[in-house]
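Peer 1: Coordinates in work-v7.txt, compact mmCIF, C-alpha atoms, are listed below.
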# COMPACT_ATOMS: atom_id res chain seq x y z
CA MET A 1 0.00 0.00 0.00
CA LYS A 2 0.95 3.65 -0.16
CA PRO A 3 1.22 5.97 2.85
CA ALA A 4 -1.22 8.80 3.49
CA ALA A 5 -0.02 12.26 2.50
CA PHE A 6 2.21 14.14 4.92
CA ALA A 7 4.25 17.31 5.07
CA TYR A 8 7.99 16.66 4.85
CA LEU A 9 10.59 18.62 6.80
CA ALA A 10 14.29 18.00 6.28
CA PRO A 11 16.40 19.86 8.87
CA THR A 12 20.20 19.87 8.59
CA THR A 13 21.07 20.66 12.22
CA LEU A 14 19.74 19.33 15.52
CA GLY A 15 18.65 22.81 16.60
CA GLU A 16 16.63 23.17 13.43
CA ALA A 17 15.11 19.71 13.88
CA LEU A 18 14.07 20.42 17.49
CA ALA A 19 12.50 23.75 16.52
CA MET A 20 10.62 22.10 13.65
CA LEU A 21 9.35 19.26 15.82
CA ASP A 22 8.31 21.71 18.54
CA GLY A 23 6.45 23.78 15.97
CA VAL A 24 4.44 20.86 14.62
CA GLN A 25 0.93 21.47 15.82
CA ASP A 26 -0.65 18.38 14.38
CA ASP A 27 0.43 14.78 14.55
CA GLY A 28 4.18 14.95 13.94
CA LYS A 29 6.64 12.11 13.86
CA VAL A 30 10.43 11.85 13.71
CA LEU A 31 11.77 9.84 10.77
CA ALA A 32 15.14 8.12 11.19
CA GLY A 33 15.90 4.88 9.32
CA GLY A 34 12.23 4.35 8.58
CA GLN A 35 12.44 0.56 8.68
CA SER A 36 9.57 0.32 11.17
CA LEU A 37 7.78 3.64 10.73
CA VAL A 38 7.49 3.48 6.93
CA PRO A 39 5.97 -0.04 6.86
CA ALA A 40 3.47 1.16 9.49
CA MET A 41 2.72 4.17 7.25
CA ASN A 42 2.42 1.99 4.15
CA PHE A 43 -0.16 -0.11 6.00
CA ARG A 44 -1.74 3.16 7.20
CA LEU A 45 -1.40 1.96 10.77
CA ALA A 46 0.49 5.24 11.22
CA ARG A 47 -0.68 8.44 9.50
CA PRO A 48 1.56 11.24 10.75
CA ALA A 49 0.61 14.62 9.29
CA THR A 50 4.20 15.82 9.39
CA LEU A 51 7.52 14.00 9.23
CA VAL A 52 10.72 15.55 10.55
CA ASP A 53 13.49 13.66 8.76
CA LEU A 54 16.70 13.33 10.82
CA ASN A 55 18.76 11.81 8.02
CA GLY A 56 20.45 15.13 7.23
CA LEU A 57 21.84 15.37 10.79
CA SER A 58 25.31 13.88 10.32
CA GLU A 59 26.14 15.18 13.82
CA LEU A 60 24.08 12.26 15.21
CA ASP A 61 25.91 9.63 13.16
CA HIS A 62 28.96 8.95 15.36
CA VAL A 63 30.19 6.25 17.71
CA SER A 64 32.91 7.06 20.25
CA GLY A 65 34.47 5.42 23.30
CA ASP A 66 35.43 1.80 23.85
CA SER A 67 34.76 -1.25 26.02
CA ASP A 68 36.83 0.14 28.93
CA ARG A 69 35.21 3.57 29.04
CA GLY A 70 31.80 2.74 27.66
CA VAL A 71 30.53 3.96 24.31
CA VAL A 72 28.48 6.91 23.14
CA ILE A 73 26.23 6.06 20.22
CA GLY A 74 24.64 8.82 18.18
CA ALA A 75 20.98 8.20 17.48
CA LEU A 76 21.45 8.08 13.70
CA VAL A 77 24.15 5.39 13.69
CA ARG A 78 22.95 2.58 11.40
CA HIS A 79 22.72 -1.00 12.67
CA ALA A 80 25.27 -2.03 10.01
CA ALA A 81 27.93 0.11 11.77
CA PHE A 82 28.12 -2.72 14.33
CA HIS A 83 28.89 -5.45 11.80
CA ALA A 84 32.47 -4.39 12.57
CA PRO A 85 32.32 -2.01 15.57
CA PRO A 86 34.86 0.87 15.53
CA PHE A 87 36.34 -0.26 18.87
CA GLU A 88 37.40 -3.51 20.57
CA GLY A 89 36.72 -5.56 23.67
CA PRO A 90 33.74 -7.40 25.16
CA LEU A 91 31.26 -4.60 24.44
CA ALA A 92 32.21 -4.60 20.75
CA GLU A 93 31.96 -8.39 20.61
CA LEU A 94 28.52 -8.27 22.18
CA LEU A 95 27.19 -5.60 19.81
CA ALA A 96 28.64 -7.43 16.78
CA LYS A 97 26.95 -10.63 17.94
CA VAL A 98 23.57 -9.00 18.57
CA VAL A 99 23.43 -7.01 15.31
CA ARG A 100 23.43 -10.22 13.22
CA ASP A 101 19.98 -11.03 14.56
CA ILE A 102 18.47 -7.64 13.70
CA ALA A 103 16.20 -8.13 10.69
CA HIS A 104 18.17 -8.57 7.44
CA TYR A 105 21.27 -7.05 5.83
CA PRO A 106 19.50 -4.33 3.75
CA ILE A 107 17.33 -3.32 6.72
CA ARG A 108 20.48 -2.99 8.83
CA GLN A 109 21.99 -0.59 6.27
CA ARG A 110 19.18 1.86 6.90
CA GLY A 111 17.70 1.24 10.35
CA THR A 112 19.24 3.25 13.20
CA PHE A 113 20.28 2.51 16.79
CA GLY A 114 18.30 5.47 18.16
CA GLY A 115 15.28 4.78 16.01
CA SER A 116 15.12 1.25 17.32
CA LEU A 117 15.11 2.46 20.94
CA ALA A 118 12.61 5.25 20.30
CA HIS A 119 10.28 2.83 18.52
CA ALA A 120 10.49 0.44 21.52
CA ASP A 121 9.30 -2.71 19.83
CA PRO A 122 9.24 -5.38 22.56
CA ALA A 123 11.23 -7.65 20.20
CA SER A 124 13.96 -5.08 19.54
CA GLU A 125 17.49 -6.36 20.14
CA TRP A 126 18.96 -2.91 20.85
CA CYS A 127 16.23 -2.26 23.44
CA LEU A 128 17.30 -5.47 25.20
CA VAL A 129 20.94 -4.37 25.11
CA ALA A 130 20.02 -0.96 26.54
CA ALA A 131 17.84 -2.40 29.31
CA THR A 132 20.27 -5.14 30.32
CA LEU A 133 23.46 -3.09 30.31
CA GLY A 134 21.76 -0.04 31.85
CA ALA A 135 22.10 2.51 29.05
CA THR A 136 21.53 6.22 29.54
CA MET A 137 19.34 7.97 26.97
CA HIS A 138 19.80 11.63 26.07
CA LEU A 139 16.50 13.28 25.15
CA ALA A 140 16.66 16.71 23.54
CA SER A 141 13.97 19.33 23.02
CA VAL A 142 13.93 23.09 22.46
CA ALA A 143 13.96 23.40 26.26
CA GLY A 144 17.26 21.51 26.60
CA THR A 145 18.52 17.98 27.10
CA ARG A 146 17.65 15.53 29.86
CA THR A 147 18.95 12.06 30.56
CA VAL A 148 16.77 9.06 31.31
CA ALA A 149 17.96 5.64 32.52
CA ALA A 150 16.93 2.68 30.38
CA ALA A 151 14.92 1.31 33.31
CA ASP A 152 12.71 4.43 33.17
CA PHE A 153 12.80 4.89 29.39
CA PHE A 154 10.84 1.82 28.26
CA ARG A 155 7.21 2.17 29.35
CA GLY A 156 5.55 -0.57 27.31
CA THR A 157 4.90 -1.70 23.75
CA PHE A 158 5.95 1.15 21.39
CA THR A 159 5.89 3.46 24.42
CA THR A 160 8.83 5.37 25.92
CA ALA A 161 9.59 8.35 28.13
CA LEU A 162 9.98 10.55 25.01
CA ALA A 163 7.65 13.55 24.89
CA PRO A 164 6.14 14.44 21.48
CA ASN A 165 8.57 17.36 21.08
CA GLU A 166 11.66 15.39 22.13
CA ILE A 167 14.27 13.58 20.03
CA LEU A 168 16.47 10.76 21.32
CA VAL A 169 19.87 12.10 20.29
CA ARG A 170 22.39 9.83 21.96
CA VAL A 171 22.72 6.67 23.98
CA ASP A 172 25.52 5.91 26.45
CA LEU A 173 26.38 2.26 27.04
CA PRO A 174 28.36 1.64 30.25
CA PRO A 175 31.84 0.05 30.19
CA LEU A 176 32.21 -3.69 29.69
CA PRO A 177 35.98 -4.06 30.07
CA ALA A 178 38.23 -7.06 29.50
CA GLY A 179 37.28 -9.91 31.81
CA TRP A 180 33.58 -9.73 31.02
CA ARG A 181 32.14 -12.54 28.95
CA THR A 182 29.02 -12.13 26.87
CA GLY A 183 26.20 -14.32 25.62
CA PHE A 184 23.19 -13.64 23.45
CA TYR A 185 20.59 -16.06 22.20
CA GLU A 186 17.51 -15.27 20.14
CA PHE A 187 14.82 -17.60 18.92
CA SER A 188 12.75 -16.73 15.86
CA ARG A 189 11.00 -19.07 13.44
CA ARG A 190 13.02 -17.84 10.48
CA LYS A 191 16.29 -15.93 10.36
CA GLY A 192 15.56 -12.21 10.51
CA ASP A 193 12.05 -12.56 11.92
CA PHE A 194 10.98 -10.87 15.14
CA ALA A 195 12.27 -12.59 18.27
CA LEU A 196 9.79 -14.84 20.00
CA ALA A 197 12.20 -14.78 22.93
CA MET A 198 15.78 -13.64 23.45
CA ALA A 199 18.21 -13.29 26.32
CA LEU A 200 21.40 -11.37 26.91
CA ALA A 201 23.93 -12.24 29.61
CA THR A 202 27.23 -10.75 30.72
CA LEU A 203 29.36 -12.57 33.28
CA GLN A 204 32.57 -12.16 35.22
CA ILE A 205 33.88 -15.52 36.40
CA ASP A 206 36.58 -15.76 39.04
CA GLY A 207 37.87 -18.82 40.89
CA GLY A 208 35.14 -21.07 39.55
CA ALA A 209 32.32 -18.78 40.63
CA ILE A 210 30.24 -16.05 39.02
CA ARG A 211 31.55 -12.78 40.43
CA ALA A 212 29.32 -10.35 38.56
CA VAL A 213 26.41 -10.81 36.20
CA ARG A 214 23.83 -8.96 34.14
CA LEU A 215 20.88 -10.79 32.63
CA GLY A 216 18.01 -9.49 30.53
CA VAL A 217 15.24 -10.88 28.37
CA GLY A 218 13.29 -9.44 25.45
CA GLY A 219 10.51 -10.37 23.06
CA VAL A 220 8.58 -12.07 25.84
CA SER A 221 6.52 -9.22 27.32
CA ASP A 222 5.69 -5.57 26.63
CA ARG A 223 9.26 -4.34 27.17
CA PRO A 224 12.81 -5.62 27.63
CA ARG A 225 13.58 -6.54 31.21
CA ARG A 226 16.69 -6.87 33.29
CA LEU A 227 16.18 -9.73 35.74
CA GLU A 228 17.79 -8.55 38.99
CA THR A 229 16.39 -11.38 41.10
CA VAL A 230 17.96 -13.96 38.80
CA GLU A 231 21.22 -12.00 38.79
CA ALA A 232 21.18 -12.12 42.63
CA PHE A 233 20.66 -15.88 42.51
CA LEU A 234 23.58 -16.33 40.08
CA ALA A 235 26.10 -14.24 42.00
CA GLY A 236 28.63 -16.48 43.74
CA LYS A 237 27.36 -19.69 42.10
CA PRO A 238 29.52 -21.95 39.91
CA PRO A 239 28.86 -21.33 36.17
CA THR A 240 27.51 -24.83 35.53
CA PRO A 241 24.61 -26.21 33.47
CA ALA A 242 22.79 -27.01 36.73
CA THR A 243 23.09 -23.38 37.91
CA PHE A 244 21.90 -22.08 34.55
CA ALA A 245 18.94 -24.50 34.49
CA GLU A 246 17.87 -23.21 37.88
CA ALA A 247 18.34 -19.61 36.71
CA ALA A 248 16.15 -20.35 33.70
CA GLU A 249 13.35 -21.59 35.95
CA LEU A 250 13.67 -18.47 38.11
CA ALA A 251 13.53 -16.29 34.99
CA ARG A 252 10.34 -18.03 33.88
CA GLY A 253 8.82 -17.30 37.27
CA ALA A 254 9.94 -13.66 37.16
CA VAL A 255 8.27 -12.68 33.85
CA ALA A 256 4.58 -12.77 32.93
CA VAL A 257 4.99 -13.61 29.24
CA THR A 258 2.75 -12.36 26.42
CA ALA A 259 0.67 -14.75 24.35
CA ASP A 260 0.04 -13.89 20.69
CA ILE A 261 -0.59 -15.65 17.37
CA HIS A 262 3.08 -16.60 17.17
CA ALA A 263 3.41 -18.23 20.57
CA SER A 264 1.07 -19.32 23.36
CA GLU A 265 1.89 -18.39 26.93
CA ALA A 266 3.14 -21.89 27.72
CA TYR A 267 5.30 -22.07 24.60
CA ARG A 268 6.83 -18.62 25.05
CA SER A 269 7.53 -19.32 28.72
CA ASP A 270 9.31 -22.50 27.67
CA LEU A 271 11.31 -20.53 25.09
CA LEU A 272 12.18 -17.96 27.75
CA GLY A 273 13.78 -20.63 29.90
CA THR A 274 15.71 -22.00 26.94
CA VAL A 275 17.09 -18.66 25.71
CA VAL A 276 18.18 -17.71 29.25
CA ARG A 277 19.99 -21.02 29.66
CA ARG A 278 21.70 -20.73 26.26
CA ALA A 279 22.74 -17.08 26.68
CA LEU A 280 24.28 -17.87 30.09
CA ALA A 281 26.01 -20.98 28.73
CA GLU A 282 27.44 -18.99 25.81
CA ALA A 283 28.75 -16.32 28.17
CA ALA A 284 30.35 -18.94 30.41
CA ALA A 285 31.89 -20.94 27.56
CA MET B 1 -2.57 17.95 0.08
CA PRO B 2 1.11 18.77 0.64
CA ASP B 3 2.83 20.26 -2.36
CA LYS B 4 5.05 18.36 -4.69
CA ILE B 5 8.76 18.84 -4.20
CA ALA B 6 11.20 19.34 -7.08
CA ILE B 7 14.19 17.04 -6.72
CA THR B 8 17.06 15.83 -8.84
CA LEU B 9 17.99 12.18 -8.58
CA ASP B 10 21.26 10.60 -9.68
CA VAL B 11 20.33 7.17 -11.01
CA ASN B 12 22.99 5.02 -12.65
CA GLY B 13 25.04 8.15 -13.20
CA LYS B 14 22.26 9.99 -15.01
CA SER B 15 20.33 13.01 -13.66
CA TYR B 16 16.56 12.93 -13.38
CA ASP B 17 14.59 16.10 -12.54
CA VAL B 18 11.29 15.06 -11.02
CA ASN B 19 8.42 16.65 -9.13
CA VAL B 20 7.11 14.35 -6.45
CA GLU B 21 4.87 14.20 -3.43
CA PRO B 22 6.87 13.50 -0.24
CA ARG B 23 4.90 10.31 0.34
CA ARG B 24 6.03 8.73 -2.92
CA SER B 25 8.44 5.87 -2.24
CA LEU B 26 11.81 5.81 -3.94
CA ALA B 27 10.64 2.67 -5.75
CA ASP B 28 7.60 4.48 -7.14
CA VAL B 29 9.65 7.52 -8.10
CA LEU B 30 12.09 5.30 -9.99
CA ARG B 31 9.28 3.49 -11.78
CA GLU B 32 6.67 6.19 -12.33
CA ASP B 33 8.73 9.38 -12.57
CA CYS B 34 12.06 8.18 -13.93
CA GLY B 35 10.53 5.47 -16.12
CA LEU B 36 12.92 2.86 -14.74
CA THR B 37 10.60 -0.10 -14.33
CA GLY B 38 13.34 -2.65 -13.69
CA THR B 39 12.92 -2.11 -9.96
CA HIS B 40 9.94 -4.21 -8.89
CA LEU B 41 7.51 -3.70 -6.03
CA GLY B 42 6.22 -6.73 -4.19
CA CYS B 43 5.10 -6.39 -0.60
CA GLU B 44 5.63 -2.64 -0.10
CA HIS B 45 6.55 -3.13 3.53
CA GLY B 46 10.17 -4.17 3.43
CA VAL B 47 9.79 -7.93 3.64
CA CYS B 48 10.19 -9.30 0.10
CA GLY B 49 13.16 -7.29 -1.16
CA ALA B 50 11.99 -7.11 -4.79
CA CYS B 51 12.55 -3.33 -4.74
CA THR B 52 16.16 -3.51 -3.45
CA VAL B 53 18.40 -0.83 -5.02
CA LEU B 54 21.78 0.58 -4.06
CA VAL B 55 21.86 3.94 -2.31
CA ASP B 56 25.43 5.22 -1.92
CA GLY B 57 26.59 1.67 -2.51
CA ARG B 58 24.41 0.00 0.11
CA PRO B 59 21.45 -2.24 -0.72
CA VAL B 60 18.23 -0.80 0.70
CA ARG B 61 14.50 -1.38 0.35
CA ALA B 62 13.28 1.29 -2.07
CA CYS B 63 9.74 0.88 -0.69
CA LEU B 64 10.92 2.03 2.77
CA MET B 65 12.63 5.19 1.58
CA PHE B 66 10.88 8.23 0.19
CA GLY B 67 12.06 9.58 -3.14
CA VAL B 68 12.68 13.00 -1.55
CA GLN B 69 15.20 11.36 0.79
CA ALA B 70 17.30 10.13 -2.12
CA GLU B 71 18.33 13.52 -3.47
CA GLY B 72 22.11 13.88 -3.49
CA LYS B 73 22.64 10.12 -3.20
CA ALA B 74 24.13 7.85 -5.85
CA ILE B 75 21.35 5.42 -6.76
CA ARG B 76 21.98 2.25 -8.72
CA THR B 77 19.26 0.06 -10.18
CA VAL B 78 19.22 -3.11 -12.24
CA GLU B 79 19.22 -0.96 -15.40
CA GLY B 80 22.74 0.16 -14.54
CA LEU B 81 24.27 -3.31 -14.19
CA ALA B 82 24.99 -4.32 -17.77
CA ASP B 83 27.65 -2.52 -19.80
CA GLY B 84 25.80 -2.08 -23.09
CA ASP B 85 25.11 -5.60 -24.32
CA VAL B 86 27.60 -7.15 -21.92
CA LEU B 87 25.89 -8.53 -18.85
CA HIS B 88 27.27 -7.96 -15.34
CA PRO B 89 28.90 -11.16 -13.97
CA LEU B 90 25.93 -11.59 -11.62
CA GLN B 91 23.40 -11.28 -14.45
CA LYS B 92 25.40 -13.74 -16.52
CA ALA B 93 25.62 -16.19 -13.61
CA PHE B 94 21.84 -15.98 -12.96
CA TRP B 95 21.27 -16.64 -16.68
CA GLU B 96 23.64 -19.60 -16.86
CA ASN B 97 22.63 -21.23 -13.58
CA HIS B 98 18.85 -20.86 -13.78
CA GLY B 99 18.90 -18.36 -10.93
CA LEU B 100 15.44 -17.22 -11.98
CA GLN B 101 12.18 -18.58 -13.28
CA CYS B 102 9.48 -15.90 -13.41
CA GLY B 103 12.08 -13.19 -12.82
CA PHE B 104 10.01 -10.93 -10.59
CA CYS B 105 12.41 -11.07 -7.65
CA THR B 106 15.54 -11.03 -9.83
CA PRO B 107 16.31 -7.26 -9.91
CA GLY B 108 16.12 -7.20 -6.11
CA PHE B 109 18.38 -10.23 -5.73
CA LEU B 110 20.88 -8.80 -8.21
CA MET B 111 21.15 -5.45 -6.45
CA LEU B 112 21.30 -7.13 -3.02
CA ALA B 113 24.15 -9.36 -4.19
CA VAL B 114 26.01 -6.57 -6.00
CA GLY B 115 25.95 -4.38 -2.90
CA ALA B 116 26.96 -7.16 -0.52
CA LEU B 117 29.78 -8.46 -2.75
CA GLU B 118 31.14 -4.98 -3.39
CA GLU B 119 31.30 -4.48 0.39
CA ASN B 120 32.87 -7.90 1.02
CA PRO B 121 34.07 -9.75 -2.10
CA ALA B 122 35.37 -12.66 0.01
CA MET B 123 32.08 -13.57 1.68
CA SER B 124 31.91 -17.05 3.21
CA GLU B 125 29.15 -19.46 2.18
CA ALA B 126 27.39 -18.85 5.53
CA GLU B 127 27.61 -15.06 5.16
CA LEU B 128 26.37 -15.28 1.58
CA ARG B 129 23.36 -17.37 2.58
CA ASP B 130 22.64 -14.99 5.45
CA VAL B 131 22.63 -12.01 3.05
CA LEU B 132 20.50 -13.83 0.47
CA SER B 133 17.95 -14.73 3.17
CA SER B 134 16.98 -11.03 3.03
CA ASN B 135 14.92 -11.44 -0.14
CA LEU B 136 12.09 -13.72 -1.18
CA CYS B 137 11.85 -15.89 -4.30
CA ARG B 138 8.77 -17.99 -4.83
CA CYS B 139 10.03 -20.00 -7.83
CA THR B 140 13.57 -21.24 -7.58
CA GLY B 141 13.86 -22.69 -4.10
CA TYR B 142 16.95 -20.46 -3.74
CA GLN B 143 19.54 -23.15 -4.53
CA ASN B 144 20.34 -21.79 -7.98
CA ILE B 145 20.36 -18.21 -6.72
CA VAL B 146 22.97 -19.15 -4.10
CA LYS B 147 24.94 -21.05 -6.74
CA ALA B 148 24.80 -18.16 -9.24
CA VAL B 149 25.90 -15.59 -6.66
CA ARG B 150 28.74 -17.80 -5.47
CA LEU B 151 30.04 -18.27 -9.02
CA ALA B 152 29.65 -14.58 -9.82
CA ALA B 153 31.54 -13.73 -6.63
CA ASP B 154 34.45 -15.85 -7.85
CA GLU B 155 34.43 -14.10 -11.19
CA MET B 156 34.17 -10.64 -9.62
CA ARG B 157 37.15 -11.45 -7.39
CA ALA B 158 39.13 -12.75 -10.38
CA ARG B 159 38.42 -9.55 -12.31
CA ARG B 160 39.69 -7.42 -9.47
CA ALA B 161 42.87 -9.42 -9.14
How does this structure look as structure tokens?

Peer 2:
Amino acid sequence: MKPAAFAYLAPTTLGEALAMLDGVQDDGKVLAGGQSLVPAMNFRLARPATLVDLNGLSELDHVSGDSDRGVVIGALVRHAAFHAPPFEGPLAELLAKVVRDIAHYPIRQRGTFGGSLAHADPASEWCLVAATLGATMHLASVAGTRTVAAADFFRGTFTTALAPNEILVRVDLPPLPAGWRTGFYEFSRRKGDFALAMALATLQIDGGAIRAVRLGVGGVSDRPRRLETVEAFLAGKPPTPATFAEAAELARGAVAVTADIHASEAYRSDLLGTVVRRALAEAAA
Amino acid sequence: MPDKIAITLDVNGKSYDVNVEPRRSLADVLREDCGLTGTHLGCEHGVCGACTVLVDGRPVRACLMFGVQAEGKAIRTVEGLADGDVLHPLQKAFWENHGLQCGFCTPGFLMLAVGALEENPAMSEAELRDVLSSNLCRCTGYQNIVKAVRLAADEMRARRA
């Protein structure tokens, strides 16, 4: 199908973009990579009256930092930039691993890191990364910039802390220095499809025991979730299949999973346990 | 209704001055306004890949980009692949290996493969299959498409050497 008519604004600086978005009286929407918004418009599920296109804002298309210091990711950085991240270490390895499960190659050339977070699809891989690692979002408007922690940013399906006149301009991922191990496992029926369940784990193992851990799941409920109770259980335990099986059961108990046409509640809950177990095992391997 | 916008597109090295509504997809602009009907439209929501073209060297879904966003970019379509009567190695390999039957998906597969192989000429079999999983073909069962792209990749590498 074809999208409904809209007015098109193409700013070339962030200041200009914020002023334009603030001035939109009717139903305005920010356009980044367009790999989710444009399909929704083509189906006429979305009919924004005005689009503010961020693609001219090269100032938002930068990655800086590294695994030791953490990285700053501009909102307009394309997914494909993480096929070979411009830095090294566990954080780079994790992002390079995760990006391979985001849709398909041509979609990754166009879709953006910031757009993915702002769209807040429950099955978004970058949203899971942000929630699990504890990213900090920078939200700009004509009034200034504020920061919001990932835990407060995701409010539900397609819903975030962003106000209608705000633009997500940058995301800070915390350090994940040498010594951290990472695991990510996603299940979808076909390669490139939306995740029916996925899990992300980072571990520090010392003297045969888990010293530090982060664990999150996505695609199973209305938003990505970091599972602190399961993390608390894992701390100090040996990184064994038995420990991970128990963690998987705890994770299943900690999340009320969504049922939809793709997966019943029982099936998705089962998948949740499996992806948690496999992500932890990969991180420990 | 929002006004039409005058833009100039660079398609296969040639300039096209067109007047388009912002909502018109790049695929529709190429077909309807530039008269380049080699780019096909299947699903119109980014799933099938029939409309894949190169924008600044990268394969993208032309149904998920608006024509007005493509101004100032180097666009390549299937019409730009052959050099006169001499087919591009990928076109030749599709021809020789039965990489198509009805041919509807072919322009998309060709542009997908051209973009991916130009980025990484030494793609492994697994990487190649992963890239080709981006587009849909309802005739061939994919085996001959994979075979054709693999053989074309060898030839493209040999030509560079």

Peer 1: Using all atoms listed in the file, what table do you get, as a tab-separated table, when you list each residue of chain B with an atom no more than 6 Å from chain A, its nearest pair of atoms, and their distance in Å rounded to one decimal, rows by chain then rising number?

Peer 2:
residue	atom	partner	partner_atom	distance
B:Pro2	CA	A:Ala7	CA	5.6
B:Arg23	CA	A:Ala5	CA	5.7
B:His45	CA	A:Pro39	CA	4.6
B:Pro59	CA	A:Pro106	CA	5.3
B:Val60	CA	A:Pro106	CA	4.8
B:Leu64	CA	A:Val38	CA	5.6
B:Val131	CA	A:Tyr105	CA	5.8
B:Ser134	CA	A:His104	CA	5.2

Peer 1: Can you pull out every residue within 6 Å of segment 87-99 of chain A, counting only C-alpha atoms, but drop anything in the same chain fewer than 2 positions away, and send it as a ChimeraX atom specification?

Peer 2: /A:66-67,82-83,85,101-102,176

Peer 1: Restricting it to C-alpha atoms, dump the selection as a tab-separated table (two decimals), keeping the file's coordinate frame.

Peer 2:
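Saved to part_39.tsv:
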chain	number	residue	atom	x	y	z
A	66	ASP	CA	35.43	1.80	23.85
A	67	SER	CA	34.76	-1.25	26.02
A	82	PHE	CA	28.12	-2.72	14.33
A	83	HIS	CA	28.89	-5.45	11.80
A	85	PRO	CA	32.32	-2.01	15.57
A	101	ASP	CA	19.98	-11.03	14.56
A	102	ILE	CA	18.47	-7.64	13.70
A	176	LEU	CA	32.21	-3.69	29.69

Peer 1: Pick out the residues sitting within 9 Å of segment 54-56 of chain B, and hand them over as a ChimeraX atom specification; count all atoms listed in the file, and ignore anything fewer than 5 positions along from it in its own chain.

Peer 2: /B:61-62,70,73-77,111-112,114-115

Peer 1: For the selection you just gave me, I'd like the residues written to a file as a CSV table (one decimal), in the frame of the given file, keeping C-alpha atoms.

Peer 2:
chain,number,residue,atom,x,y,z
B,61,ARG,CA,14.5,-1.4,0.4
B,62,ALA,CA,13.3,1.3,-2.1
B,70,ALA,CA,17.3,10.1,-2.1
B,73,LYS,CA,22.6,10.1,-3.2
B,74,ALA,CA,24.1,7.8,-5.8
B,75,ILE,CA,21.4,5.4,-6.8
B,76,ARG,CA,22.0,2.2,-8.7
B,77,THR,CA,19.3,0.1,-10.2
B,111,MET,CA,21.2,-5.4,-6.4
B,112,LEU,CA,21.3,-7.1,-3.0
B,114,VAL,CA,26.0,-6.6,-6.0
B,115,GLY,CA,26.0,-4.4,-2.9

Peer 1: Could you check which of A:Val142, A:Ala151, A:Ala283, A:Leu173 is closest to Ile210 of chain A, using only C-alpha atoms?

Peer 2: A:Ala283

Peer 1: Record the distance separating atom CA of Ala266 of chain A and atom CA of Phe154 of chain A, expressed in Å with one decimal.

Peer 2: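 A separation of 24.9 Å between them.
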
Peer 1: Could you please determine the separation between atom CA of Tyr267 of chain A and atom CA of Leu117 of chain A in Å, to one decimal place?

Peer 2: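 Here the two named atoms are 26.7 Å from each other.
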